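As structure tokens, the structure follows; a few thoughts come after it.
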Amino acid sequence: MDPDKCAFLFGEVPTGVDPEDPAHRAMLLTQAHGSEDDEETGRLRVMLAQQILDDDPPEVWQTANRLVADGMDHRTALTQLAVAITPVLLDAVSRGGDLDRESYLARLERLPLPTTEQILSALGDTAQIHGPLDLDELDRLAAERLGVSLEDPVIRELFEHAGDWLTDEGGPLALLAGDVVAHVESLTAGIVLTHRLTEAEQRSGMLHAGVDLVGFQRRGGLQQPSGAEIVTTIRDSGALFWIGHEDWLAD
């Protein structure tokens, strides 16, 4: 086995383990590139490893070398190869035919695609710079920032997953009515919100961060005027409360 290919795919192979053995190969790939619960990911790795070892098509190994030469680690490079082959595989399955070699090679040539971290950063920075804007416009501007096209279904899917994470509860972005996206911290910077304190809140020392205080719900590091930390807690009902030092709501 080519030692360079072996090092790229498996790293250091333990004594007594044979990368030529399919069972050992799958185990080595998992150890070298991380374990996932998704069986499809494991099968993709095995398929790519076979293509690299067989040099069929040779462009797979050539692309891997190009990505590594550009400073990419082996695990990320293999993930990039998986991103390239995934839509080609799905297309082959839907057609009930073989892989479209021309399409596959074209996707390999377009690598590297932006990583999830780069897409998250581009979306977050764009929302922060431009203020509340339409979701499609946010995607367009962020894609332009990264130099990629949303016409590519893989890029579109990556953006959708990143957007879901960013707008999830506790994320830095909020999806408002009309599919408008806002960067929460920027939108709420310098705001003053009021809340009518209830007797129950005074007695318990727990302040309900409800609708009237929603602008602060995703802001971390809240402090009292004394500098004491305000602790956030979520009840079984899903309601969010703030807790300060003893008698902080007494006055």
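Residues in the structure tokens are numbered from 1 in each chain, the chains being A, B, ... in the order shown, and ligands are numbered from 1 in the order shown.
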
Can you build me a table of stretch 155-182 of chain A residues sitting at most 9 Å from stretch 216-232 of chain A, with the closest atom pair per residue and its distance in Å to one decimal, using only C-alpha atoms, sorted by chain and residue number, as a Markdown table?
```
| residue | atom | partner | partner_atom | distance |
| --- | --- | --- | --- | --- |
| A:Glu169 | CA | A:Arg218 | CA | 8.3 |
| A:Gly170 | CA | A:Arg218 | CA | 5.7 |
| A:Gly171 | CA | A:Arg218 | CA | 7.5 |
| A:Pro172 | CA | A:Arg218 | CA | 7.4 |
```

Since we have the selection now, will you write its residues out, keeping C-alpha atoms, as a short mmCIF file (atom, residue, chain, number, x, y, z; two decimals), in the first residue's frame?
```cif
data_model
loop_
_atom_site.label_atom_id
_atom_site.label_comp_id
_atom_site.auth_asym_id
_atom_site.auth_seq_id
_atom_site.Cartn_x
_atom_site.Cartn_y
_atom_site.Cartn_z
CA GLU A 169 -32.79 29.07 21.01
CA GLY A 170 -29.70 30.60 22.55
CA GLY A 171 -28.07 31.28 19.18
CA PRO A 172 -26.71 34.71 18.20
#
```

* DSSP-assigned alpha helix (DSSP H) among stretch 73-193 of chain A, expressed as a ChimeraX atom specification -> /A:74-95,101-110,116-130,135-146,153-166,184-187

* **A:Ile85 surroundings by only C-alpha atoms, 12 Å radius, close-in-sequence under 2 positions cut, as a ChimeraX atom specification** => /A:41,43-45,47-48,51,57,60,78-83,87-92,99-111,154

* Asked: Pick the closest to A:Glu20 from A:Leu193, A:Cys6, A:Val93, A:Ile243: which is it, counting only C-alpha atoms?
  ->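 Using only C-alpha atoms, the shortest distance to A:Glu20 belongs to A:Cys6.
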